[in-house]
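> Input entry20.cif, format and content: mmCIF, C-alpha atoms and all ligand atoms.
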```cif
data_start
loop_
_atom_site.label_atom_id
_atom_site.label_comp_id
_atom_site.auth_asym_id
_atom_site.auth_seq_id
_atom_site.Cartn_x
_atom_site.Cartn_y
_atom_site.Cartn_z
CA MET C 1 116.08 64.88 84.14
CA ASP C 2 112.93 63.11 85.37
CA ALA C 3 109.43 63.67 84.02
CA ARG C 4 108.41 65.82 87.00
CA THR C 5 111.27 68.28 86.47
CA ASP C 6 110.40 68.40 82.76
CA ASP C 7 106.79 69.22 83.61
CA LEU C 8 107.82 71.93 86.06
CA ASP C 9 110.18 73.51 83.53
CA ARG C 10 107.41 73.53 80.94
CA LEU C 11 104.93 75.08 83.37
CA GLU C 12 107.45 77.74 84.40
CA ALA C 13 108.23 78.55 80.76
CA GLU C 14 104.51 78.88 79.97
CA PHE C 15 104.02 81.05 83.04
CA GLN C 16 106.88 83.38 82.07
CA ALA C 17 105.60 83.59 78.48
CA LYS C 18 102.22 84.66 79.83
CA VAL C 19 103.83 87.31 82.02
CA ASP C 20 105.97 88.51 79.10
CA ALA C 21 102.84 88.79 76.94
CA GLU C 22 101.35 91.10 79.61
CA GLN C 23 98.59 88.65 80.54
CA ARG C 24 97.42 88.85 84.14
CA ILE C 25 97.95 85.92 86.48
CA GLU C 26 94.77 85.06 88.40
CA PRO C 27 94.40 83.09 91.67
CA LYS C 28 93.47 79.77 90.05
CA ASP C 29 96.24 79.90 87.44
CA TRP C 30 99.37 77.83 87.91
CA MET C 31 102.24 79.89 89.30
CA PRO C 32 105.74 79.06 90.54
CA ASP C 33 105.87 78.67 94.28
CA ARG C 34 108.49 81.42 94.58
CA TYR C 35 106.18 83.84 92.73
CA ARG C 36 103.40 83.00 95.20
CA GLN C 37 105.73 83.44 98.20
CA THR C 38 107.12 86.73 96.89
CA LEU C 39 103.63 88.09 96.44
CA ILE C 40 102.52 86.90 99.87
CA ARG C 41 105.55 88.62 101.38
CA GLN C 42 105.12 91.92 99.56
CA MET C 43 101.32 92.12 99.63
CA SER C 44 100.98 91.16 103.30
CA GLN C 45 103.69 93.67 104.21
CA HIS C 46 101.83 96.24 102.19
CA ALA C 47 98.57 95.41 104.03
CA HIS C 48 100.33 95.63 107.40
CA SER C 49 101.79 99.01 106.39
CA GLU C 50 98.33 100.38 105.66
CA VAL C 51 97.01 99.22 109.02
CA VAL C 52 100.03 100.22 111.12
CA GLY C 53 100.03 103.46 109.12
CA MET C 54 96.76 104.43 110.81
CA LEU C 55 98.58 104.83 114.14
CA PRO C 56 100.84 107.89 113.64
CA GLU C 57 97.95 109.92 112.22
CA GLY C 58 95.49 108.51 114.74
CA ASN C 59 97.68 110.19 117.37
CA TRP C 60 96.32 113.57 116.18
CA LEU C 61 92.62 112.76 115.90
CA THR C 62 91.77 114.16 119.32
CA ARG C 63 93.91 117.25 118.74
CA ALA C 64 93.00 118.24 115.18
CA PRO C 65 92.79 122.05 114.99
CA SER C 66 89.14 122.17 113.86
CA LEU C 67 86.09 119.95 113.43
CA LYS C 68 86.58 120.06 109.65
CA ARG C 69 90.22 118.93 109.93
CA LYS C 70 89.19 116.19 112.34
CA ALA C 71 86.48 114.86 109.98
CA ILE C 72 88.91 114.85 107.04
CA LEU C 73 91.61 113.10 109.06
CA MET C 74 89.15 110.51 110.34
CA ALA C 75 88.02 109.76 106.77
CA LYS C 76 91.63 109.42 105.64
CA ILE C 77 92.52 107.03 108.44
CA GLN C 78 89.44 104.94 107.68
CA ASP C 79 90.54 104.80 104.04
CA GLU C 80 93.91 103.41 105.16
CA GLY C 81 92.14 100.72 107.17
CA GLY C 82 90.08 99.91 104.07
CA HIS C 83 93.25 99.61 101.97
CA GLY C 84 94.59 97.15 104.50
CA LEU C 85 91.41 95.09 104.18
CA TYR C 86 91.45 94.98 100.34
CA LEU C 87 95.07 93.94 100.50
CA TYR C 88 94.50 91.22 103.11
CA SER C 89 91.68 89.87 100.93
CA ALA C 90 93.85 89.99 97.82
CA THR C 91 96.65 88.18 99.68
CA GLU C 92 94.24 85.48 100.89
CA THR C 93 93.70 84.52 97.22
CA LEU C 94 97.28 83.18 97.33
CA GLY C 95 96.40 80.60 99.96
CA ILE C 96 97.43 82.24 103.22
CA SER C 97 94.84 82.97 105.92
CA ARG C 98 94.36 86.33 107.58
CA ASP C 99 95.17 84.77 110.95
CA GLU C 100 98.53 83.59 109.63
CA MET C 101 99.27 87.08 108.30
CA PHE C 102 98.36 88.71 111.62
CA ASP C 103 100.50 86.16 113.39
CA GLN C 104 103.46 87.01 111.15
CA LEU C 105 103.01 90.71 111.93
CA HIS C 106 102.61 90.22 115.65
CA THR C 107 105.63 87.92 115.97
CA GLY C 108 107.82 90.28 113.94
CA LYS C 109 108.24 87.81 111.05
CA ALA C 110 106.53 90.13 108.58
CA LYS C 111 107.75 93.65 108.05
CA TYR C 112 105.77 96.83 107.50
CA SER C 113 107.04 100.08 106.06
CA THR C 114 109.82 101.72 108.08
CA ILE C 115 108.10 105.10 107.72
CA PHE C 116 105.48 104.29 110.34
CA ASN C 117 108.09 103.89 113.07
CA TYR C 118 108.58 107.65 113.31
CA PRO C 119 106.61 109.79 115.77
CA THR C 120 104.09 112.51 114.86
CA LEU C 121 105.17 115.41 117.07
CA THR C 122 103.05 118.28 115.75
CA TRP C 123 99.98 118.87 113.60
CA ALA C 124 102.30 119.72 110.70
CA ASP C 125 103.38 116.07 110.72
CA VAL C 126 99.87 115.13 109.62
CA GLY C 127 100.34 117.44 106.63
CA ALA C 128 103.81 116.05 105.94
CA ILE C 129 102.54 112.47 106.03
CA GLY C 130 99.77 113.22 103.53
CA TRP C 131 102.05 115.19 101.23
CA LEU C 132 105.22 113.11 101.41
CA VAL C 133 104.28 109.63 102.66
CA ASP C 134 101.12 109.32 100.59
CA GLY C 135 102.97 110.99 97.70
CA ALA C 136 105.71 108.35 97.88
CA ALA C 137 103.13 105.60 98.27
CA ILE C 138 101.31 106.73 95.10
CA THR C 139 104.55 106.86 93.12
CA ASN C 140 105.20 103.24 94.09
CA GLN C 141 101.59 102.10 93.72
CA ILE C 142 100.98 103.56 90.26
CA ALA C 143 103.65 101.15 89.06
CA LEU C 144 101.95 98.34 91.00
CA CYS C 145 98.64 98.97 89.15
CA ARG C 146 100.33 97.09 86.29
CA CYS C 147 101.55 94.24 88.50
CA SER C 148 101.24 90.83 86.84
CA TYR C 149 99.05 89.46 89.65
CA GLY C 150 95.46 90.47 88.92
CA PRO C 151 94.01 90.87 92.45
CA TYR C 152 96.97 93.04 93.57
CA ALA C 153 96.87 95.22 90.45
CA ARG C 154 93.11 95.77 90.76
CA ALA C 155 93.33 96.65 94.47
CA MET C 156 96.03 99.19 93.59
CA ILE C 157 93.83 101.04 91.10
CA ARG C 158 91.25 101.86 93.75
CA ILE C 159 93.85 102.55 96.41
CA CYS C 160 95.70 105.02 94.16
CA LYS C 161 92.53 107.05 93.64
CA GLU C 162 92.10 107.42 97.40
CA GLU C 163 95.79 108.07 98.02
CA SER C 164 95.75 110.93 95.55
CA PHE C 165 93.04 112.64 97.66
CA HIS C 166 95.17 111.98 100.75
CA GLN C 167 98.21 113.53 99.13
CA ARG C 168 96.27 116.66 98.24
CA GLN C 169 94.80 117.06 101.72
CA GLY C 170 98.32 116.78 103.16
CA TYR C 171 99.67 119.36 100.75
CA GLU C 172 96.80 121.67 101.61
CA ILE C 173 97.63 121.43 105.32
CA MET C 174 101.26 122.25 104.51
CA MET C 175 100.19 125.19 102.33
CA THR C 176 97.96 126.57 105.09
CA MET C 177 100.78 126.32 107.61
CA ALA C 178 103.47 127.63 105.25
CA GLN C 179 101.31 130.69 104.57
CA GLY C 180 100.33 131.09 108.23
CA THR C 181 102.17 132.68 111.15
CA LYS C 182 105.95 132.53 111.53
CA GLU C 183 105.52 129.72 114.09
CA GLN C 184 103.27 127.73 111.77
CA LYS C 185 105.75 128.04 108.91
CA GLU C 186 108.55 126.89 111.21
CA MET C 187 106.43 123.92 112.25
CA ALA C 188 105.89 123.00 108.58
CA GLN C 189 109.64 123.27 107.89
CA ASP C 190 110.44 121.17 110.95
CA ALA C 191 108.01 118.46 109.80
CA LEU C 192 109.60 118.46 106.33
CA ASN C 193 113.06 118.22 107.93
CA ARG C 194 112.05 115.14 109.92
CA TRP C 195 109.98 113.32 107.28
CA TRP C 196 112.04 113.90 104.14
CA TRP C 197 114.76 111.27 104.58
CA PRO C 198 112.52 108.56 106.09
CA THR C 199 110.17 109.07 103.11
CA LEU C 200 113.02 108.42 100.69
CA MET C 201 113.70 105.18 102.58
CA MET C 202 110.17 103.97 101.82
CA PHE C 203 111.37 103.00 98.32
CA GLY C 204 113.71 100.41 99.78
CA PRO C 205 117.46 99.84 99.41
CA ASN C 206 119.42 101.00 96.36
CA ASP C 207 118.95 98.72 93.35
CA SER C 208 122.41 97.21 93.83
CA ASN C 209 121.38 96.06 97.34
CA SER C 210 117.80 95.08 96.61
CA ALA C 211 117.66 91.32 97.07
CA ASN C 212 114.24 90.83 95.51
CA SER C 213 114.16 93.38 92.70
CA ALA C 214 115.66 91.50 89.76
CA GLN C 215 113.31 88.53 90.09
CA SER C 216 110.29 90.70 90.88
CA MET C 217 110.97 92.79 87.76
CA LYS C 218 111.27 89.64 85.64
CA TRP C 219 107.90 88.46 86.97
CA LYS C 220 106.51 91.97 86.41
CA ILE C 221 105.44 92.26 90.03
CA LYS C 222 107.62 95.35 90.15
CA ARG C 223 107.62 97.52 87.02
CA GLN C 224 110.15 100.10 88.11
CA SER C 225 113.13 99.71 90.39
CA ASN C 226 113.49 101.20 93.87
CA ASP C 227 115.94 103.84 92.63
CA GLU C 228 113.84 104.77 89.60
CA LEU C 229 110.77 105.33 91.77
CA ARG C 230 112.74 107.27 94.39
CA GLN C 231 114.10 109.57 91.67
CA LYS C 232 110.63 110.06 90.21
CA PHE C 233 109.31 111.05 93.63
CA ILE C 234 112.13 113.53 94.27
CA ASP C 235 111.75 115.14 90.86
CA ALA C 236 108.02 115.62 91.41
CA THR C 237 108.28 116.80 95.03
CA VAL C 238 111.09 119.38 94.90
CA PRO C 239 109.01 121.91 92.91
CA GLN C 240 106.12 121.34 95.35
CA ALA C 241 108.40 122.25 98.27
CA GLU C 242 109.60 125.34 96.38
CA TYR C 243 106.01 126.41 95.82
CA LEU C 244 105.41 126.13 99.58
CA GLY C 245 108.52 128.23 100.25
CA LEU C 246 110.04 125.36 102.27
CA LYS C 247 113.58 124.00 102.02
CA ILE C 248 114.29 120.33 101.47
CA PRO C 249 116.89 119.30 104.09
CA ASP C 250 119.54 118.15 101.62
CA ASP C 251 122.50 120.40 100.79
CA GLU C 252 123.44 118.18 97.87
CA LEU C 253 120.07 118.50 96.17
CA LYS C 254 120.70 120.08 92.78
CA TRP C 255 119.10 119.97 89.33
CA ASN C 256 121.28 118.02 86.92
CA GLU C 257 120.72 119.43 83.44
CA GLU C 258 122.40 116.49 81.73
CA ARG C 259 120.33 113.82 83.48
CA GLY C 260 117.17 115.92 83.49
CA ALA C 261 116.74 114.96 87.16
CA TYR C 262 117.76 116.09 90.64
CA ASP C 263 121.00 114.87 92.18
CA PHE C 264 120.58 114.25 95.88
CA GLY C 265 122.58 113.29 98.98
CA GLU C 266 123.26 109.87 100.42
CA ILE C 267 120.52 108.21 102.44
CA ASP C 268 121.52 107.08 105.94
CA TRP C 269 121.29 103.34 105.31
CA ASP C 270 122.38 102.55 108.86
CA GLU C 271 119.26 104.29 110.11
CA PHE C 272 117.17 102.34 107.56
CA LYS C 273 118.66 99.04 108.71
CA ALA C 274 118.09 99.90 112.37
CA VAL C 275 114.42 100.74 111.74
CA VAL C 276 113.86 97.63 109.57
CA SER C 277 115.31 95.45 112.28
CA GLY C 278 112.96 96.78 114.97
CA ASN C 279 115.05 99.55 116.51
CA GLY C 280 113.33 102.67 115.22
CA LEU C 281 111.83 105.30 117.51
CA CYS C 282 108.37 103.75 117.61
CA ASN C 283 108.74 100.08 116.49
CA ARG C 284 107.85 98.63 119.89
CA GLU C 285 104.98 101.05 120.48
CA ARG C 286 103.45 100.36 117.05
CA LEU C 287 103.63 96.59 117.39
CA LYS C 288 102.20 96.71 120.91
CA ALA C 289 99.29 98.85 119.69
CA ARG C 290 98.48 96.30 116.96
CA ILE C 291 98.74 93.31 119.31
CA ASP C 292 96.56 95.04 121.93
CA ALA C 293 93.97 95.92 119.28
CA HIS C 294 93.92 92.32 118.06
CA ASP C 295 93.61 90.90 121.57
CA GLY C 296 91.00 93.50 122.49
CA GLY C 297 88.91 92.50 119.47
CA LYS C 298 88.83 88.80 120.40
CA TRP C 299 85.38 89.01 121.99
CA VAL C 300 83.97 90.48 118.75
CA ARG C 301 85.42 87.64 116.67
CA ASP C 302 84.18 85.06 119.19
CA ALA C 303 80.69 86.60 119.22
CA ALA C 304 80.56 86.66 115.39
CA LEU C 305 81.59 83.00 115.23
CA ALA C 306 79.06 81.98 117.92
CA TYR C 307 76.32 83.88 116.07
CA ALA C 308 77.22 82.24 112.75
CA ALA C 309 77.26 78.78 114.36
CA LYS C 310 73.84 79.36 115.98
CA LYS C 311 72.39 80.60 112.69
CA ALA C 312 73.75 77.55 110.84
CA ALA C 313 72.32 75.22 113.53
CA ARG C 314 68.86 76.85 113.25
CA LYS C 315 68.97 76.53 109.46
CA ALA C 316 69.89 72.83 109.77
CA GLU C 317 67.05 72.27 112.26
CA ALA C 318 64.52 73.92 109.96
CA ALA C 319 65.61 71.87 106.93
N1 LIG C 401 110.30 99.31 105.07
O1 LIG C 401 114.71 93.54 97.97
P1 LIG C 401 113.96 94.76 98.41
C1 LIG C 401 100.63 103.93 102.87
C2 LIG C 401 112.65 95.31 102.97
S1 LIG C 401 101.25 102.37 103.18
C3 LIG C 401 110.40 98.03 105.54
O2 LIG C 401 114.12 95.98 97.60
P2 LIG C 401 111.20 94.49 97.59
C4 LIG C 401 100.07 104.74 103.95
C5 LIG C 401 112.03 94.36 101.97
O3 LIG C 401 110.74 93.96 102.39
C6 LIG C 401 101.99 101.88 101.66
N2 LIG C 401 111.04 97.06 104.86
O4 LIG C 401 112.42 94.36 98.60
C7 LIG C 401 99.42 104.13 105.00
C8 LIG C 401 113.03 93.25 101.92
O5 LIG C 401 112.92 92.44 103.09
P3 LIG C 401 112.27 90.96 103.04
C9 LIG C 401 103.23 101.09 101.83
C10 LIG C 401 111.56 97.40 103.66
O6 LIG C 401 110.02 93.86 98.22
C11 LIG C 401 98.94 104.90 106.04
C12 LIG C 401 114.35 93.98 102.09
O7 LIG C 401 114.04 95.20 102.72
N3 LIG C 401 103.67 100.67 100.52
O8 LIG C 401 100.66 104.32 101.77
O9 LIG C 401 111.60 94.04 96.22
C13 LIG C 401 99.10 106.30 106.05
C14 LIG C 401 115.08 94.20 100.78
O10 LIG C 401 114.35 95.11 99.92
C15 LIG C 401 111.48 98.68 103.12
C16 LIG C 401 104.07 99.42 100.24
O11 LIG C 401 104.09 98.57 101.10
C17 LIG C 401 110.83 99.66 103.89
N4 LIG C 401 110.73 100.93 103.47
O12 LIG C 401 110.96 96.08 97.50
C18 LIG C 401 99.74 106.89 104.97
C19 LIG C 401 104.48 99.13 98.81
N5 LIG C 401 112.10 98.69 101.93
O13 LIG C 401 110.78 91.17 102.80
C20 LIG C 401 100.20 106.12 103.89
C21 LIG C 401 104.59 97.67 98.45
C22 LIG C 401 112.56 97.45 101.73
O14 LIG C 401 112.90 90.22 101.90
N6 LIG C 401 105.94 97.16 98.58
N7 LIG C 401 112.27 96.68 102.77
O15 LIG C 401 112.54 90.39 104.40
C23 LIG C 401 106.90 97.35 97.65
O16 LIG C 401 106.70 98.00 96.65
C24 LIG C 401 108.23 96.67 97.88
O17 LIG C 401 108.04 95.64 98.82
C25 LIG C 401 109.34 97.66 98.36
C26 LIG C 401 110.61 96.83 98.64
C27 LIG C 401 109.66 98.68 97.26
C28 LIG C 401 108.96 98.37 99.64
#
```
Would you mind writing the structure in this file as structure tokens?
Ligand code: BYC


Amino acid sequence: MDARTDDLDRLEAEFQAKVDAEQRIEPKDWMPDRYRQTLIRQMSQHAHSEVVGMLPEGNWLTRAPSLKRKAILMAKIQDEGGHGLYLYSATETLGISRDEMFDQLHTGKAKYSTIFNYPTLTWADVGAIGWLVDGAAITNQIALCRCSYGPYARAMIRICKEESFHQRQGYEIMMTMAQGTKEQKEMAQDALNRWWWPTLMMFGPNDSNSANSAQSMKWKIKRQSNDELRQKFIDATVPQAEYLGLKIPDDELKWNEERGAYDFGEIDWDEFKAVVSGNGLCNRERLKARIDAHDGGKWVRDAALAYAAKKAARKAEAA
């Protein structure tokens, strides 16, 4: 073994000891390249999910049923955009530029959550997204608040606070509809029927098929596995559906006394794979909307750069 390999082994051992001792890793600390790459992958995908996630709800902004609902929805969507921005900033601390991340999204190299490739057909879908999608996101993100990488963990703390408001506003929409007219209740049930299974897919493949989990758990990027988080979400959400008087679309859903948890049916992993690989109902539409928005914003970026250059030139002249 040469001296360089020895040094690398020592650095990796020190890094792992720090992680094991629950010390946070900060941007300037030494870290294994694979740790950096894993974080860039997960955090940038997370950022993209927040930003693409604005689109399905944005579809209902012009058709919200009242001014109050519209103002609340607008605030929620702006929060999601803000989450994307914190996460892009946090990811930049790992040495990747925002332009590179956008490029990865626009060329299809980087993923974003499968959930945002489903259409929002009725107003009840806005309620279902807040209740289920934000609910699933919080379940996952609470665990990420203890992620070993400091900037990611800190971004998550703030994001979770906002997501918990989002979840409640979604549940309140569902409650209003479930207690409304027969048609409104049917609309709420239909939204639950369509969003339930895709929400469960948000947690990723089963642990036995999760390529990244074991290493991410060892590095304490992930604190709980995909299956553990999915189960946690189901156990918390079933009583919420019962309270609404709605039925979860899973005939195999049943409380298991022995496990102290709900048993549930098999997820359609073929559907998951199709959506991940770009063949969901809205993949093309979502990506096109992001690319168009980026291209459409070019003049703003150019103007900001020209203004900054002019300001710098004036400052240099005055000095
Ligand atoms: N969708 O080895 P695995 C929000 C990929 S937005 C797409 O288990 P990992 C909101 C996975 O990337 C919040 N891809 O991976 C916004 C991997 O592929 P690559 C979104 C998925 O990373 C607006 C492969 O499958 N939350 O709240 O250990 C409005 C194998 O998986 C998915 C986050 O982004 C999926 N569902 O675990 C409303 C959370 N699942 O990258 C709400 C942050 C898996 O190797 N991310 N894949 O090519 C995570 O916690 C983890 O990345 C995951 C996956 C649990 C998702």

> Output as a tab-separated table one row per residue of chain C within 8 Å of ligand LIG 401 (chain C): the closest atom pair and its distance in Å to one decimal place, counting only C-alpha atoms and all ligand atoms, sorted by chain and residue number ascending.


```
residue	atom	partner	partner_atom	distance
C:Thr38	CA	C:LIG401	O6	7.8
C:Arg41	CA	C:LIG401	O13	6.0
C:Gln42	CA	C:LIG401	O17	4.8
C:Met43	CA	C:LIG401	C21	6.5
C:Gln45	CA	C:LIG401	O11	5.8
C:His46	CA	C:LIG401	O11	3.4
C:Ala47	CA	C:LIG401	O11	7.0
C:His48	CA	C:LIG401	O11	7.9
C:Ser49	CA	C:LIG401	S1	4.7
C:Glu50	CA	C:LIG401	C7	4.0
C:Val51	CA	C:LIG401	C11	6.7
C:Val52	CA	C:LIG401	C11	7.0
C:Gly53	CA	C:LIG401	C11	3.6
C:Met54	CA	C:LIG401	C11	5.3
C:Pro56	CA	C:LIG401	C13	7.9
C:Glu57	CA	C:LIG401	C13	7.2
C:Ile77	CA	C:LIG401	C13	7.0
C:Glu80	CA	C:LIG401	C11	5.3
C:Ala110	CA	C:LIG401	O13	7.2
C:Lys111	CA	C:LIG401	C3	5.7
C:Tyr112	CA	C:LIG401	C3	5.2
C:Ser113	CA	C:LIG401	N1	3.5
C:Thr114	CA	C:LIG401	N1	3.9
C:Ile115	CA	C:LIG401	N4	6.5
C:Phe116	CA	C:LIG401	C11	7.9
C:Ile129	CA	C:LIG401	C18	6.3
C:Gly130	CA	C:LIG401	C18	6.5
C:Val133	CA	C:LIG401	C20	5.5
C:Asp134	CA	C:LIG401	C20	4.7
C:Ala136	CA	C:LIG401	O8	7.5
C:Ala137	CA	C:LIG401	O8	4.5
C:Ile138	CA	C:LIG401	O8	7.1
C:Asn140	CA	C:LIG401	O16	6.0
C:Gln141	CA	C:LIG401	C19	6.6
C:Leu144	CA	C:LIG401	O16	7.4
C:Glu163	CA	C:LIG401	O8	7.2
C:Met201	CA	C:LIG401	N4	5.3
C:Met202	CA	C:LIG401	N4	3.5
C:Phe203	CA	C:LIG401	C27	4.8
C:Gly204	CA	C:LIG401	N5	3.2
C:Pro205	CA	C:LIG401	O2	5.4
C:Asn206	CA	C:LIG401	O2	7.4
C:Asp207	CA	C:LIG401	O2	7.0
C:Asn209	CA	C:LIG401	O1	7.2
C:Ser210	CA	C:LIG401	O1	3.7
C:Ala211	CA	C:LIG401	O1	3.8
C:Asn212	CA	C:LIG401	O1	3.7
C:Ser213	CA	C:LIG401	O9	4.4
C:Ser216	CA	C:LIG401	O9	6.4
C:Lys222	CA	C:LIG401	O16	7.1
C:Ser225	CA	C:LIG401	C27	7.8
C:Asn226	CA	C:LIG401	C27	5.7
C:Phe272	CA	C:LIG401	N4	7.8
C:Val275	CA	C:LIG401	C3	7.9
C:Val276	CA	C:LIG401	C3	5.3
```

> Any chance you can output those residues with C-alpha atoms as a PDB file, in the frame of the given file?


```pdb
ATOM      1  CA  THR C  38     107.120  86.730  96.890  1.00  0.00           C
ATOM      2  CA  ARG C  41     105.550  88.620 101.380  1.00  0.00           C
ATOM      3  CA  GLN C  42     105.120  91.920  99.560  1.00  0.00           C
ATOM      4  CA  MET C  43     101.320  92.120  99.630  1.00  0.00           C
ATOM      5  CA  GLN C  45     103.690  93.670 104.210  1.00  0.00           C
ATOM      6  CA  HIS C  46     101.830  96.240 102.190  1.00  0.00           C
ATOM      7  CA  ALA C  47      98.570  95.410 104.030  1.00  0.00           C
ATOM      8  CA  HIS C  48     100.330  95.630 107.400  1.00  0.00           C
ATOM      9  CA  SER C  49     101.790  99.010 106.390  1.00  0.00           C
ATOM     10  CA  GLU C  50      98.330 100.380 105.660  1.00  0.00           C
ATOM     11  CA  VAL C  51      97.010  99.220 109.020  1.00  0.00           C
ATOM     12  CA  VAL C  52     100.030 100.220 111.120  1.00  0.00           C
ATOM     13  CA  GLY C  53     100.030 103.460 109.120  1.00  0.00           C
ATOM     14  CA  MET C  54      96.760 104.430 110.810  1.00  0.00           C
ATOM     15  CA  PRO C  56     100.840 107.890 113.640  1.00  0.00           C
ATOM     16  CA  GLU C  57      97.950 109.920 112.220  1.00  0.00           C
ATOM     17  CA  ILE C  77      92.520 107.030 108.440  1.00  0.00           C
ATOM     18  CA  GLU C  80      93.910 103.410 105.160  1.00  0.00           C
ATOM     19  CA  ALA C 110     106.530  90.130 108.580  1.00  0.00           C
ATOM     20  CA  LYS C 111     107.750  93.650 108.050  1.00  0.00           C
ATOM     21  CA  TYR C 112     105.770  96.830 107.500  1.00  0.00           C
ATOM     22  CA  SER C 113     107.040 100.080 106.060  1.00  0.00           C
ATOM     23  CA  THR C 114     109.820 101.720 108.080  1.00  0.00           C
ATOM     24  CA  ILE C 115     108.100 105.100 107.720  1.00  0.00           C
ATOM     25  CA  PHE C 116     105.480 104.290 110.340  1.00  0.00           C
ATOM     26  CA  ILE C 129     102.540 112.470 106.030  1.00  0.00           C
ATOM     27  CA  GLY C 130      99.770 113.220 103.530  1.00  0.00           C
ATOM     28  CA  VAL C 133     104.280 109.630 102.660  1.00  0.00           C
ATOM     29  CA  ASP C 134     101.120 109.320 100.590  1.00  0.00           C
ATOM     30  CA  ALA C 136     105.710 108.350  97.880  1.00  0.00           C
ATOM     31  CA  ALA C 137     103.130 105.600  98.270  1.00  0.00           C
ATOM     32  CA  ILE C 138     101.310 106.730  95.100  1.00  0.00           C
ATOM     33  CA  ASN C 140     105.200 103.240  94.090  1.00  0.00           C
ATOM     34  CA  GLN C 141     101.590 102.100  93.720  1.00  0.00           C
ATOM     35  CA  LEU C 144     101.950  98.340  91.000  1.00  0.00           C
ATOM     36  CA  GLU C 163      95.790 108.070  98.020  1.00  0.00           C
ATOM     37  CA  MET C 201     113.700 105.180 102.580  1.00  0.00           C
ATOM     38  CA  MET C 202     110.170 103.970 101.820  1.00  0.00           C
ATOM     39  CA  PHE C 203     111.370 103.000  98.320  1.00  0.00           C
ATOM     40  CA  GLY C 204     113.710 100.410  99.780  1.00  0.00           C
ATOM     41  CA  PRO C 205     117.460  99.840  99.410  1.00  0.00           C
ATOM     42  CA  ASN C 206     119.420 101.000  96.360  1.00  0.00           C
ATOM     43  CA  ASP C 207     118.950  98.720  93.350  1.00  0.00           C
ATOM     44  CA  ASN C 209     121.380  96.060  97.340  1.00  0.00           C
ATOM     45  CA  SER C 210     117.800  95.080  96.610  1.00  0.00           C
ATOM     46  CA  ALA C 211     117.660  91.320  97.070  1.00  0.00           C
ATOM     47  CA  ASN C 212     114.240  90.830  95.510  1.00  0.00           C
ATOM     48  CA  SER C 213     114.160  93.380  92.700  1.00  0.00           C
ATOM     49  CA  SER C 216     110.290  90.700  90.880  1.00  0.00           C
ATOM     50  CA  LYS C 222     107.620  95.350  90.150  1.00  0.00           C
ATOM     51  CA  SER C 225     113.130  99.710  90.390  1.00  0.00           C
ATOM     52  CA  ASN C 226     113.490 101.200  93.870  1.00  0.00           C
ATOM     53  CA  PHE C 272     117.170 102.340 107.560  1.00  0.00           C
ATOM     54  CA  VAL C 275     114.420 100.740 111.740  1.00  0.00           C
ATOM     55  CA  VAL C 276     113.860  97.630 109.570  1.00  0.00           C
TER      56      VAL C 276
END
```

> Would you mind listing what lies within 10 Å of Leu281 in chain C as an mmCIF file with C-alpha atoms, in the frame of the given file, with only C-alpha atoms counted and same-chain residues fewer than 5 positions away left out?


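Generated output (around-v2.cif):
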```cif
data_model
loop_
_atom_site.group_PDB
_atom_site.id
_atom_site.type_symbol
_atom_site.label_atom_id
_atom_site.label_comp_id
_atom_site.auth_asym_id
_atom_site.auth_seq_id
_atom_site.Cartn_x
_atom_site.Cartn_y
_atom_site.Cartn_z
ATOM 1 C CA PHE C 116 105.480 104.290 110.340
ATOM 2 C CA ASN C 117 108.090 103.890 113.070
ATOM 3 C CA TYR C 118 108.580 107.650 113.310
ATOM 4 C CA PRO C 119 106.610 109.790 115.770
ATOM 5 C CA ALA C 274 118.090 99.900 112.370
ATOM 6 C CA VAL C 275 114.420 100.740 111.740
ATOM 7 C CA ARG C 286 103.450 100.360 117.050
#
```

> Find the residue from C:Ala318, C:Asn193, C:Asp295, C:Trp219 that sits nearest to Ala13 in chain C; use only C-alpha atoms when measuring.

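For Ala13 in chain C, the nearest of the given residues is C:Trp219.
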
> Mind pulling up the distance from CA of Leu55 in chain C to CA of Glu285 in chain C?

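It comes out at 9.8 Å.
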
> Given the choices C:Gln231, C:Thr237, C:Thr139, C:Thr62, which gets closest to Phe264 in chain C if the distance is worked out from all atoms listed in the file?

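Nearest to Phe264 in chain C: C:Gln231.
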
> What are the centre and the three edge lengths of an axis-aligned box that wraps all atoms of range 60-72 of chain C in the file, given that 8 Å is added to every side, written as lines of an AutoDock Vina configuration file and rounded to one decimal in Å?


```
center_x = 91.2
center_y = 117.5
center_z = 113.2
size_x = 26.2
size_y = 25.4
size_z = 28.3
```

> Counting all atoms listed in the file, which residue out of C:Lys161, C:Arg98, C:His166, C:Lys273 sits closest to Met74 in chain C?

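Answer, going by the shortest atom-to-atom distance: C:His166.
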
> Could you pull out every residue with an atom within 8 Å of (108.5, 93.2, 115.0), file coordinates, counting all atoms listed in the file, and send them as a PyMOL selection string?

chain C and resi 105-111+277-278+283-284+287

> Go ahead and save the picked residues with C-alpha atoms, as a tab-separated table (two decimals), in the frame of the given file.


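This went into selection07.tsv:
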```tsv
chain	number	residue	atom	x	y	z
C	105	LEU	CA	103.01	90.71	111.93
C	106	HIS	CA	102.61	90.22	115.65
C	107	THR	CA	105.63	87.92	115.97
C	108	GLY	CA	107.82	90.28	113.94
C	109	LYS	CA	108.24	87.81	111.05
C	110	ALA	CA	106.53	90.13	108.58
C	111	LYS	CA	107.75	93.65	108.05
C	277	SER	CA	115.31	95.45	112.28
C	278	GLY	CA	112.96	96.78	114.97
C	283	ASN	CA	108.74	100.08	116.49
C	284	ARG	CA	107.85	98.63	119.89
C	287	LEU	CA	103.63	96.59	117.39
```

> Measure the distance from CA of Gly127 in chain C to CA of Cys145 in chain C in Å and round it to one decimal.

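Computing the Euclidean distance for CA of Gly127 in chain C and CA of Cys145 in chain C yields 25.5 Å.
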